[in-house]
$ cat coords-v8.tsv   # TSV, C-alpha atoms and all ligand atoms
chain	number	residue	atom	x	y	z
A	1	MET	CA	133.43	72.73	58.91
A	2	GLY	CA	136.21	73.36	61.31
A	3	LEU	CA	138.50	76.09	62.50
A	4	LEU	CA	140.59	75.71	59.39
A	5	ASP	CA	138.66	75.16	56.19
A	6	LYS	CA	140.16	74.27	52.86
A	7	ILE	CA	138.58	75.85	49.81
A	8	PRO	CA	137.20	72.95	47.76
A	9	GLY	CA	139.24	72.29	44.65
A	10	GLU	CA	142.81	71.99	43.57
A	11	LEU	CA	144.29	74.82	45.62
A	12	ASN	CA	145.98	74.63	49.00
A	13	LEU	CA	144.00	77.64	50.05
A	14	PHE	CA	142.46	77.87	53.50
A	15	ILE	CA	140.19	80.21	55.37
A	16	GLY	CA	139.81	80.70	59.08
A	17	GLY	CA	139.45	83.03	62.03
A	18	LEU	CA	141.72	84.22	64.79
A	19	PHE	CA	141.47	80.95	66.67
A	20	THR	CA	142.79	79.12	63.65
A	21	LEU	CA	146.21	80.59	64.41
A	22	ARG	CA	146.38	78.64	67.66
A	23	ARG	CA	146.05	75.35	65.86
A	24	LYS	CA	149.75	75.05	65.24
A	25	GLN	CA	149.59	71.39	64.41
A	26	ALA	CA	146.72	71.79	61.99
A	27	LEU	CA	148.55	74.59	60.22
A	28	GLN	CA	151.62	72.48	59.94
A	29	ASP	CA	149.73	69.42	58.77
A	30	SER	CA	148.08	71.50	56.07
A	31	GLY	CA	151.42	72.75	54.83
A	32	ILE	CA	150.61	76.40	55.44
A	33	THR	CA	153.53	78.63	54.47
A	34	HIS	CA	151.75	81.94	53.86
A	35	VAL	CA	149.24	83.78	56.04
A	36	VAL	CA	147.11	86.80	55.17
A	37	SER	CA	145.66	88.58	58.22
A	38	VAL	CA	142.74	90.77	57.23
A	39	LEU	CA	141.97	92.71	60.36
A	40	ARG	CA	142.89	95.74	62.39
A	41	LEU	CA	144.09	94.30	65.66
A	42	PRO	CA	147.43	94.15	67.39
A	43	LEU	CA	148.81	90.76	66.41
A	44	ASP	CA	151.38	88.74	68.27
A	45	GLN	CA	154.17	88.66	65.70
A	46	GLU	CA	155.61	85.58	67.38
A	47	GLN	CA	152.84	83.39	66.01
A	48	PHE	CA	153.73	84.33	62.43
A	49	LYS	CA	157.45	83.74	62.65
A	50	ASP	CA	157.29	80.54	60.63
A	51	PHE	CA	155.21	82.04	57.84
A	52	ALA	CA	155.39	84.61	55.12
A	53	HIS	CA	152.90	87.08	56.52
A	54	LYS	CA	150.80	89.83	55.02
A	55	VAL	CA	148.56	92.13	57.04
A	56	VAL	CA	145.67	94.08	55.56
A	57	GLU	CA	144.37	96.49	58.16
A	58	VAL	CA	140.66	96.86	57.64
A	59	ASP	CA	137.61	96.66	59.87
A	60	ASP	CA	134.57	94.62	58.97
A	61	VAL	CA	132.44	97.61	58.02
A	62	ASP	CA	130.69	98.46	54.76
A	63	ASP	CA	132.73	101.52	53.93
A	64	GLU	CA	136.20	100.09	54.36
A	65	ASN	CA	138.16	100.04	51.13
A	66	LEU	CA	139.19	96.42	50.76
A	67	LEU	CA	139.13	96.64	46.98
A	68	GLU	CA	142.39	98.56	46.80
A	69	HIS	CA	144.13	95.61	48.48
A	70	PHE	CA	142.85	92.90	46.14
A	71	PRO	CA	145.77	93.00	43.67
A	72	ALA	CA	148.46	92.78	46.37
A	73	CYS	CA	146.57	90.04	48.25
A	74	ASN	CA	146.09	88.07	45.04
A	75	LYS	CA	149.77	88.29	44.28
A	76	PHE	CA	150.72	87.20	47.78
A	77	ILE	CA	148.34	84.23	47.63
A	78	GLN	CA	149.60	83.34	44.17
A	79	ASP	CA	153.23	83.44	45.33
A	80	GLY	CA	152.40	81.14	48.22
A	81	LEU	CA	150.63	78.63	46.01
A	82	ASP	CA	153.28	78.81	43.29
A	83	GLY	CA	155.92	78.03	45.88
A	84	GLY	CA	154.20	74.78	46.63
A	85	GLY	CA	152.96	75.82	50.04
A	86	GLY	CA	149.57	76.42	51.53
A	87	VAL	CA	147.96	79.78	52.10
A	88	LEU	CA	145.70	80.72	55.00
A	89	VAL	CA	143.53	83.81	54.76
A	90	HIS	CA	142.05	84.73	58.12
A	91	CYS	CA	140.21	87.57	59.80
A	92	ALA	CA	138.55	87.57	63.21
A	93	MET	CA	135.70	85.16	62.54
A	94	GLY	CA	136.56	83.85	59.10
A	95	LYS	CA	133.28	85.16	57.84
A	96	SER	CA	133.38	88.49	56.01
A	97	ARG	CA	136.82	90.00	55.43
A	98	SER	CA	138.73	86.80	54.77
A	99	ALA	CA	135.92	85.47	52.59
A	100	THR	CA	136.06	88.68	50.55
A	101	VAL	CA	139.80	88.35	49.97
A	102	VAL	CA	139.47	84.69	48.99
A	103	CYS	CA	136.57	85.54	46.65
A	104	ALA	CA	138.68	88.19	44.94
A	105	TYR	CA	141.45	85.67	44.42
A	106	LEU	CA	139.17	82.98	43.02
A	107	MET	CA	137.50	85.53	40.75
A	108	GLN	CA	140.81	86.59	39.27
A	109	ARG	CA	142.21	83.09	38.99
A	110	TYR	CA	139.18	81.47	37.42
A	111	GLY	CA	137.37	84.41	35.86
A	112	ILE	CA	134.23	83.62	37.87
A	113	THR	CA	131.59	85.87	39.40
A	114	PRO	CA	131.57	86.93	43.07
A	115	MET	CA	128.59	84.66	43.76
A	116	ASP	CA	130.26	81.66	42.15
A	117	ALA	CA	133.39	82.28	44.17
A	118	LEU	CA	131.39	82.64	47.36
A	119	SER	CA	129.43	79.47	46.66
A	120	GLN	CA	132.68	77.61	46.29
A	121	ILE	CA	133.92	78.91	49.65
A	122	ARG	CA	130.60	78.16	51.32
A	123	GLU	CA	130.88	74.50	50.41
A	124	ALA	CA	133.58	74.39	53.04
A	125	ARG	CA	132.45	77.19	55.28
A	126	PRO	CA	128.72	77.83	54.93
A	127	PHE	CA	128.50	80.94	57.08
A	128	CYS	CA	130.94	82.97	54.98
A	129	GLU	CA	129.26	86.26	54.18
A	130	PRO	CA	131.08	89.36	52.98
A	131	ASN	CA	129.37	92.44	54.36
A	132	GLU	CA	127.24	94.45	51.95
A	133	GLY	CA	129.95	96.98	51.16
A	134	PHE	CA	132.51	94.26	50.43
A	135	MET	CA	130.03	92.46	48.22
A	136	LYS	CA	129.63	95.64	46.18
A	137	GLN	CA	133.39	95.95	45.94
A	138	LEU	CA	133.61	92.40	44.63
A	139	ASP	CA	130.94	93.22	42.05
A	140	LEU	CA	132.89	96.30	41.02
A	141	TYR	CA	136.11	94.30	40.84
A	142	HIS	CA	134.33	91.79	38.65
A	143	SER	CA	132.91	94.49	36.39
A	144	MET	CA	136.38	95.91	35.79
A	145	ALA	CA	137.66	92.39	34.96
A	146	THR	CA	139.91	91.97	38.03
A	147	PRO	CA	142.76	94.20	36.83
A	148	GLU	CA	146.25	94.40	38.36
A	149	ASN	CA	146.05	98.17	38.49
A	150	VAL	CA	142.74	98.76	40.21
A	151	GLU	CA	143.67	102.32	41.10
A	152	GLU	CA	144.06	103.39	37.50
A	153	THR	CA	140.64	102.11	36.54
A	154	PRO	CA	138.03	104.81	35.86
A	155	ALA	CA	135.32	102.71	37.52
A	156	TYR	CA	137.43	102.56	40.68
A	157	GLN	CA	138.17	106.27	40.66
A	158	ARG	CA	134.51	107.05	40.22
A	159	TRP	CA	133.63	104.73	43.09
A	160	LEU	CA	136.24	106.47	45.28
A	161	TYR	CA	134.76	109.82	44.40
A	162	GLU	CA	131.24	108.63	45.23
A	163	ARG	CA	132.45	107.31	48.58
A	164	GLU	CA	134.11	110.63	49.24
A	165	VAL	CA	130.89	112.51	48.50
A	166	GLU	CA	128.97	110.12	50.73
A	167	MET	CA	131.47	110.65	53.53
A	168	SER	CA	131.43	114.39	53.11
A	169	ARG	CA	127.65	114.34	53.40
A	170	ALA	CA	127.84	112.31	56.56
A	171	CYS	CA	130.31	114.61	58.27
A	172	GLY	CA	129.20	117.91	56.76
A	173	GLN	CA	132.55	118.73	55.16
A	174	ALA	CA	133.38	119.36	51.53
A	175	PRO	CA	135.36	116.57	49.84
A	176	ALA	CA	139.12	117.01	49.83
A	177	PRO	CA	140.20	118.62	46.53
A	178	GLU	CA	142.36	115.66	45.55
A	179	ASN	CA	139.33	113.40	45.81
A	180	ILE	CA	137.05	115.38	43.55
A	181	ARG	CA	136.83	113.72	40.18
A	182	PHE	CA	136.60	116.20	37.32
A	183	GLU	CA	134.98	114.01	34.77
A	184	ASP	CA	136.13	115.86	31.65
A	185	GLU	CA	139.76	115.34	32.64
A	186	HIS	CA	139.26	111.60	32.33
A	187	ASP	CA	137.83	111.43	28.85
A	188	GLN	CA	137.88	107.87	27.61
A	189	GLY	CA	136.92	108.60	24.06
A	190	THR	CA	133.31	107.67	24.65
A	191	SER	CA	130.45	108.28	22.28
A	192	PRO	CA	130.03	111.81	20.93
A	193	ALA	CA	127.83	114.24	22.80
A	194	ASP	CA	124.26	114.84	21.66
A	195	TYR	CA	124.14	118.43	22.75
A	196	GLU	CA	126.13	121.17	24.39
A	197	LEU	CA	125.12	123.46	27.17
A	198	ARG	CA	126.26	127.02	26.56
A	199	CYS	CA	126.21	130.15	28.61
A	200	ARG	CA	123.25	132.12	27.29
A	201	LYS	CA	125.10	135.37	27.68
A	202	CYS	CA	128.58	134.70	26.26
A	203	ARG	CA	128.05	131.37	24.45
A	204	ARG	CA	130.88	129.60	26.18
A	205	THR	CA	130.32	125.83	26.22
A	206	LEU	CA	129.90	124.84	29.85
A	207	ALA	CA	129.11	121.14	29.45
A	208	THR	CA	128.00	118.53	26.98
A	209	SER	CA	125.38	115.83	27.33
A	210	LEU	CA	128.20	113.43	28.31
A	211	TYR	CA	128.45	115.12	31.67
A	212	VAL	CA	124.79	115.47	32.48
A	213	VAL	CA	123.94	113.19	35.40
A	214	ALA	CA	121.96	110.36	33.90
A	215	LEU	CA	120.60	109.07	37.17
A	216	HIS	CA	118.38	112.07	37.52
A	217	LYS	CA	116.73	112.02	34.14
A	218	ASN	CA	116.81	108.54	32.74
A	219	THR	CA	116.88	105.69	35.16
A	220	LYS	CA	114.05	106.65	37.46
A	221	ASP	CA	111.13	104.31	37.07
A	222	GLN	CA	108.89	105.99	39.53
A	223	GLN	CA	106.70	109.00	38.89
A	224	PRO	CA	108.32	112.34	39.53
A	225	SER	CA	107.69	113.47	43.08
A	226	ARG	CA	105.89	116.50	41.75
A	227	PRO	CA	104.04	115.39	38.63
A	228	GLY	CA	103.82	118.06	36.00
A	229	SER	CA	106.74	120.10	37.24
A	230	GLU	CA	109.61	120.23	34.81
A	231	CYS	CA	113.26	120.12	35.75
A	232	SER	CA	114.65	123.61	35.90
A	233	HIS	CA	118.23	122.42	36.25
A	234	TYR	CA	120.81	120.43	34.41
A	235	PHE	CA	122.68	118.31	36.94
A	236	LEU	CA	126.31	117.75	36.05
A	237	ASP	CA	129.44	115.89	37.04
A	238	PRO	CA	132.23	118.11	38.35
A	239	LEU	CA	133.99	119.75	35.37
A	240	SER	CA	137.37	121.45	35.20
A	241	TRP	CA	136.05	124.98	34.87
A	242	MET	CA	134.35	124.55	38.28
A	243	ARG	CA	137.63	123.56	39.86
A	244	PRO	CA	138.45	126.81	41.70
A	245	GLU	CA	134.99	126.90	43.24
A	246	LEU	CA	134.63	123.18	44.04
A	247	GLU	CA	138.09	123.06	45.55
A	248	ALA	CA	137.38	125.98	47.84
A	249	GLY	CA	136.25	123.60	50.58
A	250	LYS	CA	132.69	124.88	50.91
A	251	MET	CA	129.62	122.68	51.28
A	252	ASP	CA	127.71	124.72	48.73
A	253	GLY	CA	128.00	127.81	46.59
A	254	ARG	CA	127.37	129.42	43.24
A	255	LEU	CA	128.85	128.62	39.87
A	256	GLU	CA	129.90	131.44	37.57
A	257	CYS	CA	130.53	131.20	33.87
A	258	PRO	CA	134.34	131.25	33.66
A	259	LYS	CA	134.22	133.64	30.71
A	260	CYS	CA	131.58	136.27	31.43
A	261	LYS	CA	131.20	135.66	35.18
A	262	THR	CA	127.43	135.38	34.97
A	263	ASN	CA	125.91	133.33	37.72
A	264	VAL	CA	124.90	130.16	35.86
A	265	GLY	CA	124.25	127.66	38.58
A	266	LYS	CA	124.99	126.34	42.02
A	267	TYR	CA	126.28	123.32	43.85
A	268	ALA	CA	125.70	121.56	47.14
A	269	TRP	CA	127.71	118.51	48.17
A	270	GLN	CA	124.94	117.35	50.48
A	271	GLY	CA	122.57	117.29	47.53
A	272	MET	CA	119.93	119.52	46.05
A	273	GLN	CA	116.28	119.16	45.23
A	274	CYS	CA	115.32	119.77	41.65
A	275	SER	CA	112.09	121.60	40.81
A	276	CYS	CA	110.69	118.20	39.77
A	277	GLY	CA	111.04	117.01	43.35
A	278	ASP	CA	114.03	114.70	42.87
A	279	TRP	CA	117.01	114.86	45.16
A	280	VAL	CA	120.33	114.75	43.40
A	281	VAL	CA	123.53	114.05	45.32
A	282	PRO	CA	125.87	115.77	44.94
A	283	GLY	CA	123.88	118.61	43.44
A	284	ILE	CA	125.93	120.44	40.81
A	285	SER	CA	123.55	122.27	38.56
A	286	LEU	CA	123.16	124.80	35.81
A	287	ALA	CA	119.93	126.79	35.75
A	288	LYS	CA	118.01	126.20	32.53
A	289	GLY	CA	117.19	129.90	32.32
A	290	LYS	CA	120.89	130.78	32.00
A	291	ILE	CA	121.76	128.11	29.48
A	292	ASP	CA	121.14	127.34	25.82
A	293	GLU	CA	120.99	123.74	24.77
A	294	VAL	CA	122.64	123.44	21.36
A	295	LYS	CA	122.92	120.37	19.19
A	296	SER	CA	126.53	119.23	19.11
A	297	ARG	CA	128.76	120.01	16.16
A	298	PRO	CA	130.16	117.05	14.22
A	299	ALA	CA	132.48	114.67	16.03
A	300	GLY	CA	135.83	115.93	17.15
A	301	SER	CA	134.94	119.40	18.23
A	302	ALA	CA	132.40	118.51	20.89
A	303	ALA	CA	134.65	118.28	23.90
A	304	LEU	CA	137.01	121.10	23.01
A	305	GLY	CA	134.93	123.86	24.44
A	306	ILE	CA	135.06	122.67	28.00
A	307	ARG	CA	138.56	121.39	28.25
A	308	MET	CA	140.75	123.69	30.21
A	309	PRO	CA	144.20	122.73	31.46
A	310	PRO	CA	144.56	123.16	35.21
A	311	SER	CA	147.28	125.76	34.65
A	312	SER	CA	144.84	128.11	32.98
A	313	THR	CA	142.14	127.87	35.62
A	314	GLY	CA	144.10	130.55	37.38
A	315	ARG	CA	145.07	129.90	40.96
A	316	LYS	CA	145.93	133.58	41.05
A	317	GLY	CA	143.39	136.08	39.88
A	318	GLY	CA	141.28	133.41	38.19
A	319	PRO	CA	137.60	132.79	38.67
A	320	GLY	CA	138.19	131.11	41.99
A	321	GLN	CA	139.60	134.20	43.54
A	322	GLN	CA	136.45	136.20	43.10
A	323	ASN	CA	134.42	136.00	46.23
A	324	LEU	CA	130.84	135.19	45.52
B	1	ZN	ZN	114.41	117.38	37.95
B	2	ZN	ZN	129.24	133.27	30.04
$ encode --input "coords-v8.tsv" --output "structure tokens" --more "lines below"
Ligand SMILES: [Zn+2]
Ligand SMILES: [Zn+2]
Amino acid sequence: MGLLDKIPGELNLFIGGLFTLRRKQALQDSGITHVVSVLRLPLDQEQFKDFAHKVVEVDDVDDENLLEHFPACNKFIQDGLDGGGGVLVHCAMGKSRSATVVCAYLMQRYGITPMDALSQIREARPFCEPNEGFMKQLDLYHSMATPENVEETPAYQRWLYEREVEMSRACGQAPAPENIRFEDEHDQGTSPADYELRCRKCRRTLATSLYVVALHKNTKDQQPSRPGSECSHYFLDPLSWMRPELEAGKMDGRLECPKCKTNVGKYAWQGMQCSCGDWVVPGISLAKGKIDEVKSRPAGSAALGIRMPPSSTGRKGGPGQQNL
């Protein structure tokens, strides 16, 4: 293990830290033609004058979005290797950020898992260790099959939205409207809904089982915090009819049926405790007392009731304009 470590295998791919850049001779001897700098520091451009250079400005912290840079980094690395040169990926220490970028490349090139990629790197540089957030991003990248267009992937968009909610919790501000993901606007033709949730008063369909938050009801292994107490809410993903209210920039508020204006639920970005004792974040809920659960009609008609083009949500005089 040295300042400049070659990834074991056929590729002229190297990993290092800031000090690696000072080893001019070593870089030259290794045939380095391309350098990826993965860090947010003022860099002396002079030292990159002999290389094709790409900078990815991220800090080594869990919540940095390194995932969005994977496709461009992979392409840059690929170009360098295809041109017959060598590629150095470096960060400050050559431990977390650079290892993450190299992992992403190896995963895409060889179709291997993040752990397999990391093991390969560690053969040359044992202390490589993507931080926890980067490791999750590698897992996510793997689960979406290392696409070229990460940003168009539903799994990525959902992850972005979850980050946004997490951030908004931390700083006590509602998520920016453009970052709220209205799940019914991204229908991927999934399985048909089992049931619909309708406004008890006017019968408008407000959601289907597809948009009920599964985490709350299904995946909890532990006993409910308050045994014996039933859930009095349906927790939902954001849906288009809530748009005027959820985009109003408030941390919490009420949800009205868009048709009859009955108060049917509430939301709180910082989360909400269900009557069963569970916390759900973000908490976007319909009160069971205001809702009828109806078995879904045959396939094809299930989603129609809740779809509502943005133009008809009424920026003027629509539901959002009524102060609660
Ligand atoms: Zn509950
Ligand atoms: Zn209604």
$ atom_distance --input "coords-v8.tsv" --atom1 "CA of Thr20 (chain A)" --atom2 "CA of Phe76 (chain A)"
19.5 Å
$ residues_near_ligand --input "coords-v8.tsv" --ligand "ligand ZN 1 (chain B)" --cutoff "7 Å" --atoms "only C-alpha atoms and all ligand atoms" --output "list in words"
His216, Lys217, Glu230, Cys231, Ser232, His233, Cys274, Ser275, Cys276, Gly277 and Asp278 of chain A
$ residues_near_ligand --input "coords-v8.tsv" --ligand "ligand ZN 2 (chain B)" --cutoff "8 Å" --atoms "only C-alpha atoms and all ligand atoms" --output "PyMOL selection string"
chain A and resi 198-204+256-262+264
$ atom_distance --input "coords-v8.tsv" --atom1 "CA of Gln78 (chain A)" --atom2 "CA of Lys24 (chain A)"
22.6 Å
$ closest_residue --input "coords-v8.tsv" --among "A:Ala193, A:Leu11, A:Met93, A:Ile112" --to "Phe127 (chain A)" --atoms "all atoms listed in the file"
A:Met93
$ closest_residue --input "coords-v8.tsv" --among "A:Leu210, A:Ala248, A:Leu88, A:Val102" --to "Glu183 (chain A)" --atoms "only C-alpha atoms"
A:Leu210
$ residues_around --input "coords-v8.tsv" --residues "region 132-136 of chain A" --least-positions-apart "3" --cutoff "12 Å" --atoms "only C-alpha atoms" --output "MDAnalysis selection string"
chainID A and resid 58:70 95:104 113:115 117:118 128:129 139:143 156 159 163
